[in-house]
$ cat run03.cif   # mmCIF, C-alpha atoms
data_model
#
loop_
_atom_site.label_atom_id
_atom_site.label_comp_id
_atom_site.auth_asym_id
_atom_site.auth_seq_id
_atom_site.Cartn_x
_atom_site.Cartn_y
_atom_site.Cartn_z
CA MET K 1 1.94 -11.46 -6.90
CA ARG K 2 2.30 -10.73 -3.19
CA THR K 3 1.42 -7.10 -2.50
CA VAL K 4 1.25 -5.02 0.67
CA ILE K 5 -0.08 -1.47 0.86
CA VAL K 6 1.11 0.82 3.66
CA CYS K 7 -1.48 3.56 4.10
CA THR K 8 -1.95 6.51 6.42
CA SER K 9 -5.55 7.74 6.30
CA VAL K 10 -6.36 10.04 9.19
CA SER K 11 -9.02 12.63 8.42
CA HIS K 12 -12.02 11.31 6.50
CA GLY K 13 -10.98 7.86 5.30
CA ASN K 14 -10.41 9.15 1.75
CA THR K 15 -7.01 7.57 1.29
CA ARG K 16 -8.15 4.27 2.79
CA ARG K 17 -10.98 4.09 0.23
CA VAL K 18 -8.43 4.52 -2.57
CA ALA K 19 -6.11 1.97 -0.91
CA ASP K 20 -8.97 -0.53 -0.65
CA SER K 21 -9.81 -0.07 -4.35
CA ILE K 22 -6.20 -0.68 -5.34
CA ALA K 23 -5.95 -3.63 -2.92
CA GLU K 24 -9.05 -5.23 -4.42
CA VAL K 25 -7.37 -5.44 -7.82
CA LEU K 26 -3.98 -6.52 -6.48
CA GLY K 27 -5.22 -8.91 -3.80
CA ALA K 28 -3.24 -6.84 -1.31
CA GLU K 29 -3.37 -6.34 2.42
CA VAL K 30 -3.67 -2.72 3.59
CA VAL K 31 -1.81 -1.82 6.79
CA ALA K 32 -0.91 1.33 8.71
CA PRO K 33 2.82 2.08 9.06
CA GLU K 34 2.65 1.02 12.71
CA GLN K 35 1.23 -2.37 11.69
CA ALA K 36 3.65 -3.06 8.84
CA ASP K 37 5.88 -6.10 9.23
CA LEU K 38 9.31 -5.39 7.71
CA ALA K 39 9.85 -9.07 6.87
CA GLU K 40 6.52 -9.15 5.04
CA LEU K 41 7.43 -6.00 3.10
CA ALA K 42 10.81 -7.47 2.18
CA GLY K 43 9.09 -10.61 0.88
CA ALA K 44 6.46 -8.77 -1.14
CA ASP K 45 6.65 -8.50 -4.91
CA LEU K 46 5.09 -5.04 -4.81
CA VAL K 47 4.64 -2.51 -1.99
CA GLY K 48 2.35 0.51 -2.14
CA PHE K 49 2.69 3.62 -0.01
CA GLY K 50 -0.10 6.18 0.31
CA SER K 51 -1.52 8.99 2.40
CA GLY K 52 -3.49 12.15 2.28
CA VAL K 53 -1.69 15.40 1.57
CA PHE K 54 -1.08 17.81 4.43
CA TYR K 55 0.41 21.23 3.73
CA GLY K 56 1.54 20.02 0.31
CA ARG K 57 3.25 16.88 1.62
CA LEU K 58 2.35 13.28 2.33
CA HIS K 59 1.62 12.48 5.97
CA PRO K 60 4.73 12.57 8.20
CA ARG K 61 3.95 9.10 9.67
CA LEU K 62 4.27 7.58 6.21
CA THR K 63 7.34 9.59 5.27
CA GLU K 64 9.11 8.74 8.54
CA PHE K 65 8.23 5.08 8.06
CA VAL K 66 9.82 5.04 4.61
CA LYS K 67 12.89 6.90 5.89
CA ALA K 68 13.34 4.19 8.54
CA LEU K 69 13.09 1.31 6.05
CA PRO K 70 16.33 -0.56 5.45
CA ALA K 71 17.80 -0.29 1.98
CA GLY K 72 16.32 -2.96 -0.20
CA ARG K 73 15.08 -3.96 -3.56
CA GLY K 74 11.71 -4.49 -5.07
CA ARG K 75 8.86 -2.80 -6.82
CA ALA K 76 6.82 -0.02 -5.25
CA PHE K 77 4.14 2.54 -6.06
CA VAL K 78 2.88 5.69 -4.36
CA PHE K 79 -0.60 7.19 -4.12
CA ALA K 80 -2.19 10.23 -2.52
CA THR K 81 -5.47 12.04 -1.96
CA SER K 82 -5.72 15.81 -1.66
CA GLY K 83 -8.30 18.54 -1.43
CA LEU K 84 -6.29 20.77 -3.73
CA PRO K 85 -5.12 19.88 -7.23
CA GLU K 86 -1.57 18.78 -7.89
CA ILE K 87 0.74 21.16 -9.68
CA ALA K 88 2.32 19.27 -12.59
CA PRO K 89 5.91 20.44 -12.00
CA ALA K 90 5.77 19.37 -8.33
CA PRO K 91 3.52 16.34 -7.75
CA PHE K 92 2.70 15.52 -4.12
CA THR K 93 4.15 12.06 -4.54
CA ARG K 94 7.55 13.06 -5.96
CA PRO K 95 9.46 13.36 -2.64
CA LEU K 96 8.34 9.90 -1.50
CA VAL K 97 9.08 8.42 -4.93
CA GLN K 98 12.61 9.84 -4.72
CA LEU K 99 13.06 8.55 -1.17
CA LEU K 100 11.96 5.05 -2.23
CA GLN K 101 14.30 5.12 -5.22
CA ASP K 102 17.14 6.18 -2.93
CA LYS K 103 16.31 3.12 -0.78
CA GLY K 104 16.69 0.86 -3.82
CA PHE K 105 13.05 0.44 -4.86
CA GLU K 106 11.96 0.48 -8.48
CA VAL K 107 8.92 2.77 -8.41
CA ASP K 108 6.42 1.65 -11.01
CA GLY K 109 4.20 4.72 -10.81
CA SER K 110 2.10 7.05 -8.75
CA PHE K 111 -1.56 7.92 -8.50
CA SER K 112 -3.42 10.81 -6.92
CA CYS K 113 -6.96 12.09 -6.84
CA ARG K 114 -8.99 14.82 -5.22
CA ALA K 115 -10.72 14.15 -1.91
CA PHE K 116 -12.96 15.69 0.75
CA ASP K 117 -10.94 18.26 2.69
CA THR K 118 -11.85 20.22 5.81
CA TRP K 119 -8.46 21.83 6.38
CA SER K 120 -8.73 25.07 8.35
CA PRO K 121 -10.01 27.62 5.81
CA PHE K 122 -12.19 25.04 4.06
CA ARG K 123 -13.84 24.07 7.34
CA LEU K 124 -15.57 27.47 7.37
CA VAL K 125 -17.59 26.45 4.30
CA GLY K 126 -18.10 22.82 5.30
CA GLY K 127 -15.14 21.52 3.31
CA ILE K 128 -14.36 21.08 -0.36
CA ASN K 129 -14.72 18.08 -2.68
CA LYS K 130 -17.49 16.69 -0.49
CA GLN K 131 -18.26 13.81 -2.84
CA ARG K 132 -14.64 12.78 -3.48
CA PRO K 133 -13.14 10.35 -3.99
CA ASN K 134 -16.11 9.42 -6.11
CA ALA K 135 -16.88 6.38 -8.23
CA GLY K 136 -14.79 7.79 -11.09
CA ASP K 137 -11.79 8.36 -8.81
CA LEU K 138 -12.04 4.83 -7.41
CA ALA K 139 -12.37 3.41 -10.93
CA ALA K 140 -9.22 5.33 -11.93
CA ALA K 141 -7.43 3.86 -8.89
CA ARG K 142 -8.48 0.36 -9.98
CA THR K 143 -7.25 1.06 -13.54
CA PHE K 144 -3.93 2.25 -12.09
CA ALA K 145 -3.71 -1.00 -10.09
CA GLU K 146 -4.50 -3.09 -13.18
CA GLY K 147 -1.53 -1.47 -14.90
CA LEU K 148 0.69 -2.40 -11.96
CA ARG K 149 -0.66 -5.94 -11.87
CA ASP K 150 -0.38 -6.51 -15.62
CA GLY K 151 3.14 -5.08 -15.82
CA ARG K 152 2.26 -2.44 -18.39
CA GLY K 153 5.28 -0.44 -17.26
CA PRO K 154 5.42 2.81 -15.35
CA VAL K 155 2.04 4.44 -14.97
CA SER K 156 1.03 7.77 -13.50
#
$ encode --input "run03.cif" --output "structure tokens"
Amino acid sequence: MRTVIVCTSVSHGNTRRVADSIAEVLGAEVVAPEQADLAELAGADLVGFGSGVFYGRLHPRLTEFVKALPAGRGRAFVFATSGLPEIAPAPFTRPLVQLLQDKGFEVDGSFSCRAFDTWSPFRLVGGINKQRPNAGDLAAARTFAEGLRDGRGPVS
């Protein structure tokens, strides 16, 4: 299965660590939006999209990249890292999932985990979630990827 992961990881490398764990299972290449080749994405069996969460949203570089994608078909997944916990009724990944579905992608699932965060107020105390993503988070990301790889249906 040909897989490409488009990842924006700008602050502490948290999201890239999760992307690399997922990529390891899927045999995927991880690229930044600016490095993504549209022909390669169109030819992929599965495309992942991930970033850290900023002000409750995925990074604008990733969102703008997805908005600029031509309509297409294929399987996709979304992942995120955040200092703060997700609120069940409004997951961080939902807007990007909806955007991908509107573009014609079948979104197989989403994954998120906590991560080291030094956003403004947290910087005063040296940040929060200093040890995250940890081994358990990365193992959960690999399990998520195994579900995608094995076609166990939508996973979250």
$ atom_distance --input "run03.cif" --atom1 "atom CA of K:Arg149" --atom2 "atom CA of K:Pro60"
27.8 Å
$ closest_residue --input "run03.cif" --among "K:Val25, K:Ala39, K:Ala76, K:Leu58" --to "K:Thr8" --atoms "all atoms listed in the file"
K:Leu58
$ resolve_selection --input "run03.cif" --expression "the PyMOL selection byres ((chain K and resi 142) around 9)" --output "PyMOL selection string"
chain K and resi 18+21-26+137-141+143-147
$ closest_residue --input "run03.cif" --among "K:Ile87, K:Gly48, K:His59, K:Leu99" --to "K:Ala71" --atoms "all atoms listed in the file"
K:Leu99
$ atom_distance --input "run03.cif" --atom1 "atom CA of K:Ala19" --atom2 "atom CA of K:Asp45"
17.0 Å
$ resolve_selection --input "run03.cif" --expression "the PyMOL selection byres ((chain K and resi 92) around 7)" --output "MDAnalysis selection string"
chainID K and resid 56:58 86 90:91 93:94
$ atom_distance --input "run03.cif" --atom1 "atom CA of K:Thr63" --atom2 "atom CA of K:Pro133"
22.5 Å
$ closest_residue --input "run03.cif" --among "K:Ser82, K:Leu46, K:Pro33, K:Arg73" --to "K:Ser11" --atoms "only C-alpha atoms"
K:Ser82
$ resolve_selection --input "run03.cif" --expression "the PyMOL selection byres ((chain K and resi 109) around 10)" --output "number ranges by chain"
K: 48, 75-79, 93, 97, 106-108, 110-111, 144-145, 147-148, 153-156
$ closest_residue --input "run03.cif" --among "K:Val6, K:Glu34, K:Asp150, K:Arg16" --to "K:Phe49" --atoms "all atoms listed in the file"
K:Val6
$ closest_residue --input "run03.cif" --among "K:Leu38, K:Thr15, K:Arg2, K:Cys7" --to "K:Arg61" --atoms "all atoms listed in the file"
K:Cys7
$ closest_residue --input "run03.cif" --among "K:Gly27, K:Gly52, K:Gly72, K:Gly136" --to "K:Lys103" --atoms "all atoms listed in the file"
K:Gly72
$ axis_aligned_box --input "run03.cif" --around "stretch 52-70 of chain K" --padding-each-side "8 Å" --output "JSON"
{"center_x": 6.4, "center_y": 10.3, "center_z": 5.0, "size_x": 35.8, "size_y": 37.8, "size_z": 25.4}
$ build_atoms --input "run03.cif" --residues "stretch 90-106 of chain K" --atoms "N, CA, C and O atoms" --output "short mmCIF file (atom, residue, chain, number, x, y, z; two decimals), in the frame of the given file"
data_model
loop_
_atom_site.label_atom_id
_atom_site.label_comp_id
_atom_site.auth_asym_id
_atom_site.auth_seq_id
_atom_site.Cartn_x
_atom_site.Cartn_y
_atom_site.Cartn_z
N ALA K 90 5.41 19.82 -9.68
CA ALA K 90 5.77 19.37 -8.33
C ALA K 90 4.68 18.47 -7.75
O ALA K 90 3.96 18.85 -6.84
N PRO K 91 4.55 17.23 -8.27
CA PRO K 91 3.52 16.34 -7.75
C PRO K 91 3.73 16.02 -6.27
O PRO K 91 4.87 15.94 -5.80
N PHE K 92 2.64 15.82 -5.56
CA PHE K 92 2.70 15.52 -4.12
C PHE K 92 3.54 14.28 -3.84
O PHE K 92 4.17 14.17 -2.80
N THR K 93 3.50 13.35 -4.76
CA THR K 93 4.15 12.06 -4.54
C THR K 93 5.65 12.06 -4.84
O THR K 93 6.35 11.14 -4.43
N ARG K 94 6.15 13.07 -5.51
CA ARG K 94 7.55 13.06 -5.96
C ARG K 94 8.56 12.87 -4.83
O ARG K 94 9.48 12.05 -4.97
N PRO K 95 8.45 13.57 -3.69
CA PRO K 95 9.46 13.36 -2.64
C PRO K 95 9.50 11.92 -2.12
O PRO K 95 10.59 11.38 -1.89
N LEU K 96 8.35 11.27 -1.98
CA LEU K 96 8.34 9.90 -1.50
C LEU K 96 8.87 8.95 -2.58
O LEU K 96 9.60 8.00 -2.27
N VAL K 97 8.54 9.22 -3.83
CA VAL K 97 9.08 8.42 -4.93
C VAL K 97 10.61 8.48 -4.89
O VAL K 97 11.29 7.45 -4.97
N GLN K 98 11.15 9.67 -4.75
CA GLN K 98 12.61 9.84 -4.72
C GLN K 98 13.22 9.12 -3.52
O GLN K 98 14.25 8.45 -3.64
N LEU K 99 12.58 9.22 -2.37
CA LEU K 99 13.06 8.55 -1.17
C LEU K 99 13.09 7.02 -1.37
O LEU K 99 14.06 6.35 -1.01
N LEU K 100 12.01 6.49 -1.96
CA LEU K 100 11.96 5.05 -2.23
C LEU K 100 13.05 4.63 -3.22
O LEU K 100 13.70 3.60 -3.04
N GLN K 101 13.26 5.43 -4.25
CA GLN K 101 14.30 5.12 -5.22
C GLN K 101 15.68 5.15 -4.56
O GLN K 101 16.52 4.29 -4.82
N ASP K 102 15.88 6.10 -3.67
CA ASP K 102 17.14 6.18 -2.93
C ASP K 102 17.35 4.95 -2.04
O ASP K 102 18.48 4.56 -1.76
N LYS K 103 16.25 4.33 -1.61
CA LYS K 103 16.31 3.12 -0.78
C LYS K 103 16.52 1.86 -1.63
O LYS K 103 16.67 0.78 -1.10
N GLY K 104 16.47 2.00 -2.94
CA GLY K 104 16.69 0.86 -3.82
C GLY K 104 15.44 0.29 -4.46
O GLY K 104 15.50 -0.73 -5.16
N PHE K 105 14.28 0.92 -4.25
CA PHE K 105 13.05 0.44 -4.86
C PHE K 105 12.94 0.91 -6.30
O PHE K 105 13.37 2.01 -6.64
N GLU K 106 12.33 0.08 -7.13
CA GLU K 106 11.96 0.48 -8.48
C GLU K 106 10.51 0.94 -8.38
O GLU K 106 9.61 0.14 -8.11
#
